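Visitor: My structure is stored as my_file_12.txt, with compact mmCIF, C-alpha atoms and all ligand atoms.
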# COMPACT_ATOMS: atom_id res chain seq x y z
CA MET A 22 109.69 4.36 39.67
CA HIS A 23 109.19 7.77 38.10
CA ASP A 24 111.68 9.48 35.85
CA GLU A 25 112.47 13.19 36.04
CA SER A 26 109.95 14.18 33.38
CA GLN A 27 107.10 12.30 35.14
CA ARG A 28 108.01 13.88 38.46
CA GLU A 29 107.81 17.31 36.85
CA LEU A 30 104.43 16.48 35.28
CA PHE A 31 103.07 15.33 38.64
CA ALA A 32 104.43 18.44 40.41
CA TYR A 33 102.99 20.72 37.72
CA TYR A 34 99.44 19.38 38.07
CA ASN A 35 99.64 19.27 41.84
CA GLU A 36 100.60 22.95 41.96
CA ARG A 37 98.01 23.82 39.32
CA ALA A 38 95.08 22.18 41.12
CA GLN A 39 93.42 25.40 42.31
CA GLU A 40 93.70 27.14 38.95
CA TYR A 41 93.16 24.08 36.72
CA ASP A 42 89.47 24.56 35.89
CA ASP A 43 90.18 28.08 34.62
CA VAL A 44 91.10 26.57 31.25
CA TYR A 45 87.49 25.49 30.70
CA CYS A 46 86.46 29.14 31.11
CA GLY A 47 89.12 30.14 28.60
CA LYS A 48 91.67 31.50 31.10
CA GLY A 49 95.42 30.89 30.66
CA THR A 50 94.92 29.03 27.40
CA ALA A 51 97.52 28.11 24.78
CA ILE A 52 95.46 29.56 21.96
CA PRO A 53 94.26 33.14 22.57
CA HIS A 54 90.64 32.50 21.62
CA GLN A 55 88.92 32.04 24.99
CA HIS A 56 85.48 31.46 23.53
CA LEU A 57 86.67 28.30 21.72
CA TYR A 58 87.63 26.63 25.01
CA LYS A 59 84.28 27.52 26.59
CA LYS A 60 82.43 26.33 23.51
CA ASP A 61 84.26 22.99 23.32
CA ALA A 62 83.93 22.37 27.08
CA ALA A 63 80.17 23.00 26.83
CA LYS A 64 79.88 20.69 23.83
CA ILE A 65 81.76 17.87 25.61
CA SER A 66 79.74 18.37 28.82
CA ASN A 67 76.66 17.76 26.73
CA ILE A 68 78.05 14.62 25.05
CA ILE A 69 79.35 13.14 28.30
CA SER A 70 75.98 13.59 30.00
CA SER A 71 74.80 10.42 28.25
CA PHE A 72 77.97 8.46 28.98
CA GLY A 73 78.84 6.01 31.75
CA LYS A 74 77.31 2.97 33.39
CA GLY A 75 77.74 0.68 36.38
CA HIS A 76 81.09 1.23 38.05
CA ILE A 77 83.11 3.92 36.27
CA ILE A 78 86.77 4.80 36.73
CA ASP A 79 87.82 8.39 36.02
CA ILE A 80 91.59 8.12 35.47
CA GLY A 81 93.61 11.27 36.17
CA CYS A 82 90.33 12.86 37.28
CA GLY A 83 91.90 16.20 38.27
CA THR A 84 89.31 18.36 40.04
CA GLY A 85 86.51 16.08 38.75
CA TYR A 86 85.42 18.69 36.24
CA TRP A 87 83.29 16.26 34.18
CA LEU A 88 81.78 14.51 37.22
CA PRO A 89 78.60 16.63 37.47
CA HIS A 90 77.75 15.65 33.89
CA TYR A 91 78.18 11.86 34.01
CA ALA A 92 77.62 11.03 37.72
CA ARG A 93 73.90 10.29 37.48
CA ASN A 94 74.52 7.54 34.89
CA CYS A 95 76.76 5.48 37.20
CA GLU A 96 76.12 3.43 40.32
CA LYS A 97 79.67 3.67 41.62
CA ILE A 98 82.43 6.13 40.76
CA THR A 99 86.15 5.62 41.36
CA LEU A 100 88.16 8.80 40.79
CA ILE A 101 91.92 8.51 40.83
CA ASP A 102 94.66 11.09 40.56
CA VAL A 103 98.32 11.09 41.48
CA SER A 104 98.03 14.67 42.79
CA GLU A 105 97.13 15.22 46.43
CA LYS A 106 95.75 18.69 45.71
CA MET A 107 93.71 17.60 42.68
CA ILE A 108 92.11 14.74 44.59
CA ALA A 109 91.31 17.13 47.47
CA GLU A 110 89.50 19.42 44.98
CA CYS A 111 87.70 16.39 43.61
CA ARG A 112 86.56 15.26 47.08
CA ASN A 113 85.12 18.76 47.63
CA LYS A 114 83.24 18.45 44.35
CA CYS A 115 81.72 15.09 45.41
CA ASP A 116 80.64 16.73 48.69
CA LYS A 117 79.09 19.71 46.93
CA LEU A 118 77.22 17.45 44.53
CA GLY A 119 75.96 15.36 47.46
CA ILE A 120 77.25 12.12 45.90
CA THR A 121 80.01 11.22 48.38
CA ASN A 122 78.28 7.91 49.15
CA LYS A 123 78.85 6.55 45.64
CA CYS A 124 82.25 8.15 45.01
CA HIS A 125 85.62 6.77 45.98
CA CYS A 126 88.47 9.28 45.52
CA VAL A 127 91.92 7.70 45.47
CA LYS A 128 95.27 9.47 45.44
CA GLY A 129 97.73 7.41 43.45
CA ASP A 130 99.51 6.68 40.20
CA PHE A 131 97.30 4.68 37.83
CA PHE A 132 100.27 2.49 36.91
CA GLU A 133 100.94 1.59 40.53
CA LEU A 134 97.46 1.30 42.02
CA ASP A 135 96.18 -2.20 42.50
CA PHE A 136 92.69 -2.90 41.10
CA LYS A 137 90.83 -6.20 40.88
CA ASP A 138 90.50 -7.71 37.40
CA HIS A 139 87.35 -6.74 35.44
CA LEU A 140 86.18 -4.28 38.09
CA PHE A 141 84.99 -1.39 35.91
CA ASP A 142 82.14 -1.14 33.40
CA SER A 143 83.11 2.24 31.97
CA VAL A 144 86.16 4.48 31.79
CA LEU A 145 86.79 8.20 31.47
CA VAL A 146 90.23 9.49 30.52
CA GLY A 147 90.41 13.29 30.29
CA PHE A 148 93.62 14.89 29.02
CA LEU A 149 95.86 12.09 30.27
CA LEU A 150 96.51 10.25 27.01
CA SER A 151 98.35 13.35 25.76
CA HIS A 152 100.87 12.96 28.59
CA LEU A 153 101.61 9.30 27.86
CA THR A 154 104.60 8.46 25.68
CA GLN A 155 104.29 5.57 23.17
CA LYS A 156 105.87 3.26 25.75
CA THR A 157 103.58 4.21 28.64
CA GLU A 158 100.58 4.21 26.28
CA LYS A 159 101.00 0.46 25.72
CA ALA A 160 101.23 -0.24 29.46
CA PHE A 161 98.22 2.01 30.04
CA PHE A 162 95.96 0.08 27.66
CA GLU A 163 97.18 -3.30 28.93
CA LYS A 164 96.20 -2.33 32.45
CA LEU A 165 92.92 -0.82 31.28
CA ARG A 166 92.00 -4.09 29.56
CA ARG A 167 92.77 -6.12 32.69
CA ILE A 168 90.70 -4.00 35.09
CA THR A 169 87.60 -3.60 32.87
CA VAL A 170 84.76 -5.93 31.90
CA THR A 171 84.46 -7.21 28.33
CA LYS A 172 83.15 -4.47 26.06
CA ALA A 173 83.63 -1.75 28.67
CA GLN A 174 82.69 1.72 27.43
CA VAL A 175 85.46 4.30 27.12
CA PHE A 176 85.38 8.08 26.78
CA PHE A 177 88.52 10.01 25.91
CA ILE A 178 88.73 13.79 25.99
CA ASP A 179 91.90 15.46 24.84
CA THR A 180 93.58 18.21 22.87
CA LEU A 181 93.36 18.53 19.11
CA TRP A 182 96.16 19.00 16.63
CA ASN A 183 94.99 21.28 13.81
CA LYS A 184 96.04 24.36 11.86
CA LEU A 185 95.03 26.65 14.70
CA ARG A 186 97.09 24.75 17.32
CA GLN A 187 100.06 24.62 14.96
CA GLN A 188 100.43 28.39 15.26
CA TYR A 189 101.13 28.12 19.00
CA ARG A 190 102.49 24.64 19.79
CA LYS A 191 104.62 21.79 18.47
CA LYS A 192 102.82 18.48 17.96
CA GLU A 193 104.81 16.43 20.43
CA GLY A 194 107.62 16.83 22.92
CA ILE A 195 108.64 18.65 26.05
CA HIS A 196 106.56 21.81 26.45
CA GLU A 197 106.99 24.67 28.88
CA ARG A 198 104.04 25.47 31.11
CA PHE A 199 103.62 28.40 33.51
CA LEU A 200 101.45 28.77 36.58
CA ASN A 201 99.67 32.04 37.41
CA ASP A 202 102.49 32.95 39.80
CA GLY A 203 105.07 32.54 37.01
CA ARG A 204 106.58 29.19 38.07
CA LYS A 205 107.79 27.24 35.03
CA PHE A 206 107.48 23.48 34.42
CA ARG A 207 108.67 21.31 31.54
CA ILE A 208 106.26 18.54 30.70
CA TYR A 209 105.77 15.91 27.98
CA LYS A 210 102.66 16.56 25.88
CA ARG A 211 101.35 15.52 22.48
CA TYR A 212 98.33 16.59 20.44
CA PHE A 213 96.05 14.39 18.36
CA THR A 214 94.36 14.37 14.98
CA LYS A 215 91.40 12.13 14.32
CA SER A 216 93.65 9.70 12.50
CA ASP A 217 96.05 9.52 15.50
CA ILE A 218 93.09 8.45 17.63
CA HIS A 219 92.03 5.87 15.03
CA GLU A 220 95.55 4.48 15.12
CA ILE A 221 95.73 4.37 18.93
CA PHE A 222 92.35 2.64 19.16
CA LYS A 223 93.35 0.12 16.47
CA ASN A 224 96.74 -0.63 18.07
CA ASN A 225 95.13 -1.28 21.43
CA ALA A 226 92.07 -3.26 20.25
CA LEU A 227 89.46 -0.61 21.01
CA LYS A 228 86.54 0.04 18.71
CA LEU A 229 85.98 3.71 17.95
CA ILE A 230 82.27 4.54 18.13
CA SER A 231 82.21 8.31 17.84
CA PHE A 232 84.64 11.17 17.38
CA SER A 233 83.46 14.68 18.05
CA GLN A 234 85.86 17.40 17.06
CA GLY A 235 85.70 20.93 18.36
CA HIS A 236 88.23 23.70 17.76
CA VAL A 237 90.63 22.86 20.60
CA PHE A 238 89.35 19.62 22.19
CA PHE A 239 87.89 16.35 20.98
CA ALA A 240 85.79 13.63 22.58
CA ALA A 241 86.10 10.02 21.43
CA THR A 242 83.92 7.17 22.62
CA GLY A 243 84.51 3.49 22.13
CA VAL A 244 84.42 -0.02 23.44
CA ILE A 245 87.24 -2.28 24.60
CA GLU A 246 87.07 -5.23 22.23
CA GLU A 247 87.41 -8.86 23.21
CA GLN A 248 90.80 -10.40 22.42
C1 LIG B 301 95.36 17.51 32.29
S1 LIG B 301 94.81 16.99 33.86
C2 LIG B 301 93.16 16.45 33.45
C3 LIG B 301 92.20 16.41 34.60
C4 LIG B 301 90.81 15.86 34.27
N1 LIG B 301 90.86 14.54 33.75
C5 LIG B 301 90.08 16.75 33.30
O1 LIG B 301 89.74 16.30 32.19
O2 LIG B 301 89.78 17.92 33.65
C6 LIG B 301 95.69 15.46 33.99
C7 LIG B 301 95.57 14.86 35.38
O3 LIG B 301 96.14 13.55 35.35
C8 LIG B 301 96.87 13.35 36.55
N2 LIG B 301 97.86 12.30 36.28
C9 LIG B 301 98.92 12.37 35.44
N3 LIG B 301 99.56 11.19 35.40
C10 LIG B 301 98.87 10.35 36.23
C11 LIG B 301 99.04 9.00 36.61
N4 LIG B 301 100.06 8.26 36.14
N5 LIG B 301 98.16 8.45 37.48
C12 LIG B 301 97.13 9.20 37.98
N6 LIG B 301 96.93 10.49 37.66
C13 LIG B 301 97.78 11.06 36.79
C14 LIG B 301 97.44 14.71 36.88
O4 LIG B 301 97.77 14.84 38.23
C15 LIG B 301 96.30 15.63 36.45
O5 LIG B 301 95.43 15.92 37.51
Using the file provided, produce a representation of the structure as structure tokens.
Ligand SMILES: C[S@@+](CC[C@H](N)C(=O)[O-])C[C@H]1O[C@@H](n2cnc3c(N)ncnc32)[C@H](O)[C@@H]1O

Guide:
Amino acid sequence: MHDESQRELFAYYNERAQEYDDVYCGKGTAIPHQHLYKKDAAKISNIISSFGKGHIIDIGCGTGYWLPHYARNCEKITLIDVSEKMIAECRNKCDKLGITNKCHCVKGDFFELDFKDHLFDSVLVGFLLSHLTQKTEKAFFEKLRRITVTKAQVFFIDTLWNKLRQQYRKKEGIHERFLNDGRKFRIYKRYFTKSDIHEIFKNNALKLISFSQGHVFFAATGVIEEQ
């Protein structure tokens, strides 16, 4: 069951699918310094090119923006997104990259999809953690633990909270977002400092291996610890 705020989040990303990747080129950004978005996206593309192994799950994959950078490291790739239009973009990307045979694109809500226990060796979560409330965060990590092997590798990419962001956004809450055609959506979003990520990893029994901080984004890698 989805509440009103989740439905609006899902609708927002579905309608944004065709313009979503613009943000990585610095278009339609929250902070009016386009070059910082391009710079951070390039930096993360470089880091993620040595990430991934075995069977990876890309949760809330969107258009599959990071796929070209990590695909060669994995034998099998499961990409899931609740948005019909995002997953359609992602399928196109798999086609263009010529890797359809090892990719499985699934339209569905991560919390509702049924996966076998211990199916995945590595996990990518790009800009989804920031849309999870404290309550859904707990359920997210419980499910993640169940569907991954012991010591699965994780890679989180998300949005930074820092002095620059502070000038344009509040740290947590319902934020207004606009599409290119002017349509307005109200979505839940939070931003993270390095110590927030430390805390989230600690609370959910993940070991933080690296934290790379840009100006607007960060990339954190880790391992799901045995319990
Ligand atoms: C901010 S976009 C990030 C896309 C991609 N990971 C990236 O880094 O470019 C978040 C994506 O998560 C999807 N999403 C949000 N909640 C989800 C859920 N519960 N299950 C699956 N996908 C979800 C949205 O539809 C959207 O495509």

Visitor: Within 9 Å of ligand LIG 301 (chain B) (counting all atoms listed in the file), which residues show up? I'd like them as number ranges by chain.

Guide: A: 27, 30-35, 37-38, 41-42, 45, 79-87, 101-108, 128-134, 145-153, 161, 177-179

Visitor: Given the point (102.5, 21.9, 20.6) in the file's coordinates, find the residues that have an atom at most 12 Å from it, counting all atoms listed in the file, and give them as number ranges by chain.

Guide: A: 51-52, 151, 180-198, 208-213, 237

Visitor: Which residue gives the smallest distance to Leu118 of chain A among A:Val144, A:His236, A:Lys137, A:Leu88, with only C-alpha atoms counted?

Guide: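 Among A:Val144, A:His236, A:Lys137, A:Leu88, it is A:Leu88 that comes nearest to Leu118 of chain A.
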
Visitor: If you take all atoms listed in the file and a cut-off of 12 Å, which residues of segment 207-230 of chain A touch segment 168-172 of chain A, and what are their nearest atom pairs and distances in Å to one decimal, in chain and number order, as CSV?

Guide:
residue,atom,partner,partner_atom,distance
A:Ala226,CA,A:Lys172,CA,10.7
A:Leu227,CA,A:Lys172,CA,9.0
A:Lys228,CA,A:Lys172,CA,9.3
A:Leu229,CA,A:Lys172,CA,11.9

Visitor: Would you mind exporting C-alpha atoms of the selected residues as a short mmCIF file (atom, residue, chain, number, x, y, z; two decimals), in the coordinates of the input?

Guide:
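Contents of result_3.cif, freshly written:
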data_model
loop_
_atom_site.label_atom_id
_atom_site.label_comp_id
_atom_site.auth_asym_id
_atom_site.auth_seq_id
_atom_site.Cartn_x
_atom_site.Cartn_y
_atom_site.Cartn_z
CA ALA A 226 92.07 -3.26 20.25
CA LEU A 227 89.46 -0.61 21.01
CA LYS A 228 86.54 0.04 18.71
CA LEU A 229 85.98 3.71 17.95
#

Visitor: Measure the distance from atom CA of Arg28 of chain A to atom CA of Lys205 of chain A in Å and round it to one decimal.

Guide: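 According to the coordinates, atom CA of Arg28 of chain A and atom CA of Lys205 of chain A are separated by 13.8 Å.
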
Visitor: Could you check how far atom CA of Asp116 of chain A sits from atom CA of Ile68 of chain A, in Å to one decimal?

Guide: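 Rounded to one decimal, the two atoms are 23.9 Å apart.
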
Visitor: Can you tell me which residues surround segment 92-99 of chain A at a distance of at most 7 Å, considering only C-alpha atoms, apart from same-chain residues fewer than 2 positions away, and format the answer as a list in words?

Guide: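 Once the nearby chain positions are removed, what remains is Phe72, Gly73, Lys74, Gly75, His76, Ile77, Ile78, Asp79, Leu88, Pro89, His90, Ile101, Lys123, Cys124, His125 and Cys126 of chain A.
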
Visitor: Dump C-alpha atoms for the selected residues as a PDB file, keeping the file's coordinate frame?

Guide:
ATOM      1  CA  PHE A  72      77.970   8.460  28.980  1.00  0.00           C
ATOM      2  CA  GLY A  73      78.840   6.010  31.750  1.00  0.00           C
ATOM      3  CA  LYS A  74      77.310   2.970  33.390  1.00  0.00           C
ATOM      4  CA  GLY A  75      77.740   0.680  36.380  1.00  0.00           C
ATOM      5  CA  HIS A  76      81.090   1.230  38.050  1.00  0.00           C
ATOM      6  CA  ILE A  77      83.110   3.920  36.270  1.00  0.00           C
ATOM      7  CA  ILE A  78      86.770   4.800  36.730  1.00  0.00           C
ATOM      8  CA  ASP A  79      87.820   8.390  36.020  1.00  0.00           C
ATOM      9  CA  LEU A  88      81.780  14.510  37.220  1.00  0.00           C
ATOM     10  CA  PRO A  89      78.600  16.630  37.470  1.00  0.00           C
ATOM     11  CA  HIS A  90      77.750  15.650  33.890  1.00  0.00           C
ATOM     12  CA  ILE A 101      91.920   8.510  40.830  1.00  0.00           C
ATOM     13  CA  LYS A 123      78.850   6.550  45.640  1.00  0.00           C
ATOM     14  CA  CYS A 124      82.250   8.150  45.010  1.00  0.00           C
ATOM     15  CA  HIS A 125      85.620   6.770  45.980  1.00  0.00           C
ATOM     16  CA  CYS A 126      88.470   9.280  45.520  1.00  0.00           C
TER      17      CYS A 126
END

Visitor: Could you tell me how far atom CA of Tyr91 of chain A sits from atom CA of Ile69 of chain A, in Å to one decimal place?

Guide: 6.0 Å

Visitor: Please write out, as AutoDock Vina command-line options, where the centre of an axis-aligned box around all listed atoms of segment 29-40 of chain A lies and how long its edges are, in Å to one decimal, after adding 4 Å on each side.

Guide:
--center_x 100.6 --center_y 21.2 --center_z 38.8 --size_x 22.4 --size_y 19.8 --size_z 15.0

Visitor: Go through A:Ile245, A:Thr214, A:Cys115, A:Glu110 and flag the residue nearest Lys164 of chain A, using only C-alpha atoms for the distances.

Guide: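 Counting only C-alpha atoms, the residue closest to Lys164 of chain A is A:Ile245.
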
Visitor: If you count only C-alpha atoms, which residues fall within 12 Å of Ala63 of chain A, apart from same-chain ones fewer than 3 positions away, as number ranges by chain?

Guide: A: 45-47, 56-60, 66-70, 86-87, 90, 235, 238-240

Visitor: Of the candidates A:Thr157, A:Gln55, A:Gln39, A:Thr50, which shows the shortest atom-to-atom distance to Cys111 of chain A, using only C-alpha atoms?

Guide: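 With only C-alpha atoms as the atom set, the closest residue is A:Gln39.
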
Visitor: For Asn225 of chain A, which residue out of A:Arg166, A:Lys156, A:Lys117, A:Arg207 is the nearest one, using only C-alpha atoms?

Guide: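 Selected residue with least distance to Asn225 of chain A: A:Arg166.
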
Visitor: Measuring between only C-alpha atoms, which one of A:Pro53, A:Lys215, A:Asn224, A:Gly243 shows the shortest distance to Glu163 of chain A?

Guide: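 Counting only C-alpha atoms, the residue closest to Glu163 of chain A is A:Asn224.
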
Visitor: Which of these residues is nearest to Ala173 of chain A, using only C-alpha atoms: A:Asp43, A:Glu246, A:Glu25, A:Glu220?

Guide: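 With only C-alpha atoms as the atom set, the closest residue is A:Glu246.
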